[in-house]
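Each remark here refers to the structure printed beneath this line.
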Amino acid sequence: MRNLNDTITRLSALRGRIDGASGAVGTDRLVDLLTFGSNPGALRGRCHLPEGLGANAPLVVVLHGCTQDAGGYDHGSGWSHLADEQGFAVLFPEQQRANNANLCFNWFNAEDTRRGSGEPESIRQMIVAMIAKHRLDPARVYVTGLSAGGAMTSVMLATYPELFAGGAIIAGLPYGTARSVPEAFDRMRAHGGPDAAALGGLVAAASDHQGPWPRISVWHGDGDRTVSSANAALVVEQWRGLHGVAKAPDRTESVDGHPRSVWRNAQGRDVIEEYRIAGLGHGTPLSTFGDDACGNAAPYMLEAGISSTRHIARFWGISDAVARPATKSQAEPAQAPHGVTRVIEDALRAAGLMR
């Protein structure tokens, strides 16, 4: 039988998940990036830099999903808190409703999937501005995103591969497989599209880059009914040939109870990893309690017992293998003894188990 502390922790996490489902978000920790270029994609730039960040720090670019904004995705994923803990900058390009009524990045529009135009060029301009203004390390720039943000991550990695040391695609799609809204919906369901063998060629043709290619992390829930998890295998296939690795992974293992497959190149470097999260729906996998906690549950930000944010940063090599203790400003206040009953009761009420 679980002890009282474990029960309280789990009930508190449940309350957080239910609060998140109602759309509650915490304080927006991001500030505007005011000047970054011609901005042909008409995006908003937002960012966070830890206090006292030194020169040559890494930069992580984070792309939200449909119906989300930058501040909400940061609150859910915990990227700015991890940046404070580990010492890197974060940039959040933000879609505007005038571009897409559902706040999706336009990963299926021709002008927004080409090098030098539209949304990819706006994001490139933001990256260049961040590196110049804050003296960041141009050799340690990374990009990640969820859903439409994951698909736009594929776009960025294909159209500007020289900018990125690594990428992470969460519940997303491979590059270059859709050129219209109907095609986008078909690809989300894993219907149609190019043959798997042709996917790498789409990336190779998107720029004149000759390598080395960014290392790739792929995450998908096998219960996702919005973007078929078959797309995860297609993303792996798109990058497998570019990295020159075999079809079968070099190793498989269990991480926090979830299967992870890893492909290693001829130099012995891990260049592709894939996580399949059993039973998870459409969203970013989180661990919101325990030693590896990072982020907050909300719509499309899903408690899974594994922190994709932390594991992605570790795969890229910009985060410790073990979480550092939070600073005072980062730590949540301890639950006072007299509040134990209230935590339990609130969680049970929120779950519909108590009036």
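Chain labels run A, B, ... following the order of the structure tokens; each chain numbers its residues from 1, and ligands are numbered from 1 in the order shown.
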Name the residues in contact with A:Pro214 at a cut-off of 9 Å, using only C-alpha atoms, excluding same-chain residues fewer than 3 positions from it; report them as a list in words. Tyr142, Leu157, Pro161, Glu162, Leu163, Phe164, Ala165, Gly166, Gly167, Gly211, His243 and Val271 of chain A
Quick one: of A:Arg276, A:Lys247, A:Arg269, A:His258, who's nearest to A:Ser229, counting only C-alpha atoms?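 Residue with the minimum atom-to-atom distance to A:Ser229: A:Arg276.
One finds atom CA of A:Gly317 at 11.1 Å from atom CA of A:Asp270.
One finds atom CA of A:Leu173 at 19.1 Å from atom CA of A:Leu302.
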List the spatial neighbours of A:Arg179 as number ranges by chain - criterion: any atom at most 7 Å away, only C-alpha atoms, same-chain residues fewer than 4 positions off excluded. A: 108-110, 183
From a DSSP pass on the backbone, collect the residues of stretch 56-298 of chain A flagged as strand (DSSP E or B) and hand them back as an MDAnalysis selection string. chainID A and resid 59:63 89:94 141:146 166:170 215:221 251:255 258:264 270:277 284:287 294 298
Create the file for the chosen residues now, containing C-alpha atoms and written as a short mmCIF file (atom, residue, chain, number, x, y, z; two decimals), in the first residue's frame.
```
data_model
loop_
_atom_site.label_atom_id
_atom_site.label_comp_id
_atom_site.auth_asym_id
_atom_site.auth_seq_id
_atom_site.Cartn_x
_atom_site.Cartn_y
_atom_site.Cartn_z
CA LEU A 59 19.95 28.16 -27.73
CA VAL A 60 16.78 26.04 -27.85
CA VAL A 61 14.02 27.05 -30.29
CA VAL A 62 10.57 25.82 -29.21
CA LEU A 63 7.52 25.68 -31.51
CA ALA A 89 18.59 30.47 -23.78
CA VAL A 90 15.15 29.66 -25.20
CA LEU A 91 13.39 31.22 -28.18
CA PHE A 92 9.67 30.76 -28.79
CA PRO A 93 8.43 31.82 -32.24
CA GLU A 94 4.68 32.37 -31.90
CA VAL A 141 21.33 25.68 -31.61
CA TYR A 142 18.47 23.17 -31.30
CA VAL A 143 14.80 23.12 -32.32
CA THR A 144 11.79 21.22 -31.03
CA GLY A 145 8.03 21.38 -31.39
CA LEU A 146 4.69 19.66 -30.84
CA GLY A 166 19.83 18.79 -33.17
CA GLY A 167 16.06 18.65 -33.36
CA ALA A 168 13.15 16.95 -31.58
CA ILE A 169 9.82 16.23 -33.24
CA ILE A 170 6.93 15.50 -30.87
CA ARG A 215 20.81 14.62 -34.61
CA ILE A 216 17.10 13.82 -34.27
CA SER A 217 14.85 12.88 -31.34
CA VAL A 218 11.36 11.56 -32.18
CA TRP A 219 8.47 11.25 -29.68
CA HIS A 220 4.95 9.93 -30.24
CA GLY A 221 2.15 8.39 -28.22
CA ARG A 251 19.91 -0.77 -29.44
CA THR A 252 16.57 -0.69 -27.69
CA GLU A 253 16.01 -0.05 -24.01
CA SER A 254 13.40 0.96 -21.49
CA VAL A 255 13.57 4.52 -20.14
CA HIS A 258 8.87 3.48 -22.09
CA PRO A 259 10.66 1.92 -25.09
CA ARG A 260 13.52 3.90 -26.65
CA SER A 261 15.27 2.93 -29.89
CA VAL A 262 18.64 4.39 -30.85
CA TRP A 263 20.50 4.54 -34.18
CA ARG A 264 24.28 5.09 -34.11
CA ASP A 270 23.88 8.35 -31.30
CA VAL A 271 22.23 10.33 -34.12
CA ILE A 272 18.56 9.28 -33.97
CA GLU A 273 16.41 8.23 -31.04
CA GLU A 274 12.73 7.32 -30.96
CA TYR A 275 10.39 7.11 -27.98
CA ARG A 276 6.99 5.44 -28.28
CA ILE A 277 4.81 6.30 -25.28
CA THR A 284 3.90 16.46 -25.17
CA PRO A 285 4.90 13.73 -22.65
CA LEU A 286 5.58 15.13 -19.18
CA SER A 287 6.67 14.03 -15.75
CA CYS A 294 9.50 19.41 -15.40
CA ALA A 298 -2.60 21.09 -19.53
#
```
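Between atom CA of A:Ser80 and atom CA of A:Ala57 the separation is 14.0 Å.
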Run DSSP on the backbone and give me the residues of stretch 96-148 of chain A it puts in helix (DSSP H, G or I), as a list of chain:residue names.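 So, restricting stretch 96-148 of chain A to helix (DSSP H, G or I), we get A:Ala110, A:Glu111, A:Asp112, A:Gly118, A:Glu119, A:Pro120, A:Glu121, A:Ser122, A:Ile123, A:Arg124, A:Gln125, A:Met126, A:Ile127, A:Val128, A:Ala129, A:Met130, A:Ile131, A:Ala132, A:Lys133, A:His134, A:Ala148.
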Output N, CA and C atoms for every residue in that selection, as a PDB file, in the first residue's frame.
```pdb
ATOM      1  N   ALA A 110       3.230  26.071 -49.322  1.00  0.00           N
ATOM      2  CA  ALA A 110       4.467  26.083 -50.103  1.00  0.00           C
ATOM      3  C   ALA A 110       5.408  27.205 -49.671  1.00  0.00           C
ATOM      4  N   GLU A 111       4.891  28.421 -49.460  1.00  0.00           N
ATOM      5  CA  GLU A 111       5.777  29.536 -49.111  1.00  0.00           C
ATOM      6  C   GLU A 111       6.324  29.415 -47.695  1.00  0.00           C
ATOM      7  N   ASP A 112       5.687  28.598 -46.867  1.00  0.00           N
ATOM      8  CA  ASP A 112       6.128  28.424 -45.490  1.00  0.00           C
ATOM      9  C   ASP A 112       6.914  27.143 -45.282  1.00  0.00           C
ATOM     10  N   GLY A 118       8.694  33.044 -46.003  1.00  0.00           N
ATOM     11  CA  GLY A 118       7.639  32.769 -45.037  1.00  0.00           C
ATOM     12  C   GLY A 118       8.106  32.523 -43.618  1.00  0.00           C
ATOM     13  N   GLU A 119       7.420  31.621 -42.950  1.00  0.00           N
ATOM     14  CA  GLU A 119       7.668  31.348 -41.539  1.00  0.00           C
ATOM     15  C   GLU A 119       9.069  30.798 -41.261  1.00  0.00           C
ATOM     16  N   PRO A 120       9.612  29.897 -42.076  1.00  0.00           N
ATOM     17  CA  PRO A 120      10.979  29.439 -41.798  1.00  0.00           C
ATOM     18  C   PRO A 120      11.996  30.583 -41.805  1.00  0.00           C
ATOM     19  N   GLU A 121      11.851  31.521 -42.725  1.00  0.00           N
ATOM     20  CA  GLU A 121      12.791  32.635 -42.777  1.00  0.00           C
ATOM     21  C   GLU A 121      12.636  33.544 -41.559  1.00  0.00           C
ATOM     22  N   SER A 122      11.388  33.753 -41.102  1.00  0.00           N
ATOM     23  CA  SER A 122      11.181  34.540 -39.884  1.00  0.00           C
ATOM     24  C   SER A 122      11.871  33.882 -38.693  1.00  0.00           C
ATOM     25  N   ILE A 123      11.739  32.573 -38.570  1.00  0.00           N
ATOM     26  CA  ILE A 123      12.367  31.860 -37.456  1.00  0.00           C
ATOM     27  C   ILE A 123      13.886  31.932 -37.570  1.00  0.00           C
ATOM     28  N   ARG A 124      14.407  31.798 -38.783  1.00  0.00           N
ATOM     29  CA  ARG A 124      15.854  31.939 -38.976  1.00  0.00           C
ATOM     30  C   ARG A 124      16.327  33.321 -38.537  1.00  0.00           C
ATOM     31  N   GLN A 125      15.585  34.346 -38.892  1.00  0.00           N
ATOM     32  CA  GLN A 125      15.960  35.707 -38.507  1.00  0.00           C
ATOM     33  C   GLN A 125      15.965  35.869 -36.987  1.00  0.00           C
ATOM     34  N   MET A 126      15.000  35.261 -36.324  1.00  0.00           N
ATOM     35  CA  MET A 126      14.969  35.316 -34.856  1.00  0.00           C
ATOM     36  C   MET A 126      16.217  34.655 -34.262  1.00  0.00           C
ATOM     37  N   ILE A 127      16.584  33.503 -34.807  1.00  0.00           N
ATOM     38  CA  ILE A 127      17.763  32.776 -34.309  1.00  0.00           C
ATOM     39  C   ILE A 127      19.014  33.618 -34.467  1.00  0.00           C
ATOM     40  N   VAL A 128      19.188  34.194 -35.645  1.00  0.00           N
ATOM     41  CA  VAL A 128      20.368  35.022 -35.909  1.00  0.00           C
ATOM     42  C   VAL A 128      20.407  36.205 -34.945  1.00  0.00           C
ATOM     43  N   ALA A 129      19.253  36.834 -34.714  1.00  0.00           N
ATOM     44  CA  ALA A 129      19.197  37.979 -33.808  1.00  0.00           C
ATOM     45  C   ALA A 129      19.532  37.579 -32.378  1.00  0.00           C
ATOM     46  N   MET A 130      19.011  36.440 -31.930  1.00  0.00           N
ATOM     47  CA  MET A 130      19.297  35.969 -30.570  1.00  0.00           C
ATOM     48  C   MET A 130      20.784  35.680 -30.398  1.00  0.00           C
ATOM     49  N   ILE A 131      21.393  35.023 -31.371  1.00  0.00           N
ATOM     50  CA  ILE A 131      22.818  34.687 -31.277  1.00  0.00           C
ATOM     51  C   ILE A 131      23.656  35.961 -31.195  1.00  0.00           C
ATOM     52  N   ALA A 132      23.338  36.938 -32.043  1.00  0.00           N
ATOM     53  CA  ALA A 132      24.121  38.172 -32.081  1.00  0.00           C
ATOM     54  C   ALA A 132      23.929  39.011 -30.821  1.00  0.00           C
ATOM     55  N   LYS A 133      22.686  39.146 -30.389  1.00  0.00           N
ATOM     56  CA  LYS A 133      22.395  40.029 -29.263  1.00  0.00           C
ATOM     57  C   LYS A 133      22.909  39.477 -27.947  1.00  0.00           C
ATOM     58  N   HIS A 134      22.840  38.165 -27.773  1.00  0.00           N
ATOM     59  CA  HIS A 134      23.164  37.561 -26.478  1.00  0.00           C
ATOM     60  C   HIS A 134      24.433  36.712 -26.517  1.00  0.00           C
ATOM     61  N   ALA A 148       1.740  20.567 -35.024  1.00  0.00           N
ATOM     62  CA  ALA A 148       2.093  21.470 -36.119  1.00  0.00           C
ATOM     63  C   ALA A 148       3.460  22.092 -35.860  1.00  0.00           C
TER      64      ALA A 148
END
```
Excluding A:Gly71 and residues on its chain fewer than 6 positions from it, collect all residues at most 12 Å away from it, counting only C-alpha atoms, and give them as a list in words. Ala24, Val25, Gly26, Thr27, Asp28, Arg29, Leu30, Val31, Asp32, Arg44, Gly45, Arg46, Cys47, His48, Val62, Leu63, His64, Gly65, Ser77, Gly78, Trp79, Ser80, Val90, Leu91, Phe92, Pro93, Glu94 and Gln95 of chain A
File of the preceding selection, C-alpha atoms, as a compact mmCIF listing (two decimals), in the first residue's frame:
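Below you can see part05.txt, which holds the result:
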```txt
# COMPACT_ATOMS: atom_id res chain seq x y z
CA ALA A 24 -5.38 27.35 -16.59
CA VAL A 25 -1.87 28.59 -17.19
CA GLY A 26 0.71 30.10 -14.92
CA THR A 27 2.70 33.30 -15.16
CA ASP A 28 4.11 34.03 -18.60
CA ARG A 29 7.91 33.93 -18.17
CA LEU A 30 8.71 35.06 -21.71
CA VAL A 31 9.57 38.50 -23.08
CA ASP A 32 9.22 39.82 -26.61
CA ARG A 44 5.89 37.05 -33.02
CA GLY A 45 9.20 36.34 -31.31
CA ARG A 46 9.38 35.57 -27.59
CA CYS A 47 12.30 34.43 -25.47
CA HIS A 48 13.74 33.72 -22.03
CA VAL A 62 10.57 25.82 -29.21
CA LEU A 63 7.52 25.68 -31.51
CA HIS A 64 4.05 25.36 -29.96
CA GLY A 65 1.15 23.34 -31.34
CA SER A 77 6.74 21.96 -21.19
CA GLY A 78 8.97 23.64 -18.60
CA TRP A 79 11.64 24.71 -21.09
CA SER A 80 12.35 28.09 -19.45
CA VAL A 90 15.15 29.66 -25.20
CA LEU A 91 13.39 31.22 -28.18
CA PHE A 92 9.67 30.76 -28.79
CA PRO A 93 8.43 31.82 -32.24
CA GLU A 94 4.68 32.37 -31.90
CA GLN A 95 2.04 32.00 -34.59
```
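Residue nearest A:Arg135 within the list A:Leu49, A:Met156, A:Ala101, A:Leu202: A:Leu49 [criterion: smallest interatomic distance, only C-alpha atoms].
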Tell me, as a PyMOL selection string, which residues lie within 9 Å of A:Asn102, counting only C-alpha atoms; anything in the same chain fewer than 6 positions away does not count. chain A and resi 66-68+96
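If you measure from each of A:Pro249, A:Gly244, A:Pro138, A:Gly41 to A:Asn265 using only C-alpha atoms, the closest one turns out to be A:Gly244.
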A:Met188 surroundings by only C-alpha atoms, 12 Å radius, close-in-sequence under 3 positions cut, as a PyMOL selection string: chain A and resi 107-108+147-148+150-151+171-174+177-178+181-185+191-193+224-232+234+282
Please produce a file of those selected residues containing C-alpha atoms, as a JSON list (two decimals), in the first residue's frame.
```json
[["chain", "number", "residue", "atom", "x", "y", "z"],
["A", 107, "TRP", "CA", 3.90, 23.46, -42.28],
["A", 108, "PHE", "CA", 1.86, 22.52, -45.38],
["A", 147, "SER", "CA", 2.19, 18.63, -33.54],
["A", 148, "ALA", "CA", 2.09, 21.47, -36.12],
["A", 150, "GLY", "CA", 6.71, 19.38, -34.65],
["A", 151, "ALA", "CA", 5.97, 19.45, -38.37],
["A", 171, "ALA", "CA", 3.71, 14.07, -32.36],
["A", 172, "GLY", "CA", 4.76, 15.65, -35.66],
["A", 173, "LEU", "CA", 5.29, 14.71, -39.28],
["A", 174, "PRO", "CA", 8.14, 14.39, -41.80],
["A", 177, "THR", "CA", 4.77, 15.42, -47.54],
["A", 178, "ALA", "CA", 1.83, 17.89, -47.79],
["A", 181, "VAL", "CA", -4.85, 21.55, -46.12],
["A", 182, "PRO", "CA", -6.55, 18.37, -47.47],
["A", 183, "GLU", "CA", -3.14, 16.74, -47.93],
["A", 184, "ALA", "CA", -2.15, 17.82, -44.42],
["A", 185, "PHE", "CA", -5.16, 16.05, -42.92],
["A", 191, "HIS", "CA", -2.73, 8.31, -45.61],
["A", 192, "GLY", "CA", -0.92, 8.76, -48.91],
["A", 193, "GLY", "CA", 2.22, 10.75, -49.39],
["A", 224, "ASP", "CA", -2.60, 9.54, -30.64],
["A", 225, "ARG", "CA", -5.79, 9.92, -32.69],
["A", 226, "THR", "CA", -4.93, 13.38, -34.05],
["A", 227, "VAL", "CA", -1.58, 12.64, -35.71],
["A", 228, "SER", "CA", -1.08, 8.94, -36.38],
["A", 229, "SER", "CA", 1.92, 7.46, -34.61],
["A", 230, "ALA", "CA", 2.87, 5.90, -37.97],
["A", 231, "ASN", "CA", 4.35, 9.33, -38.70],
["A", 232, "ALA", "CA", 7.07, 8.71, -36.10],
["A", 234, "LEU", "CA", 8.32, 8.06, -41.27],
["A", 282, "HIS", "CA", -1.86, 13.71, -28.72]]
```
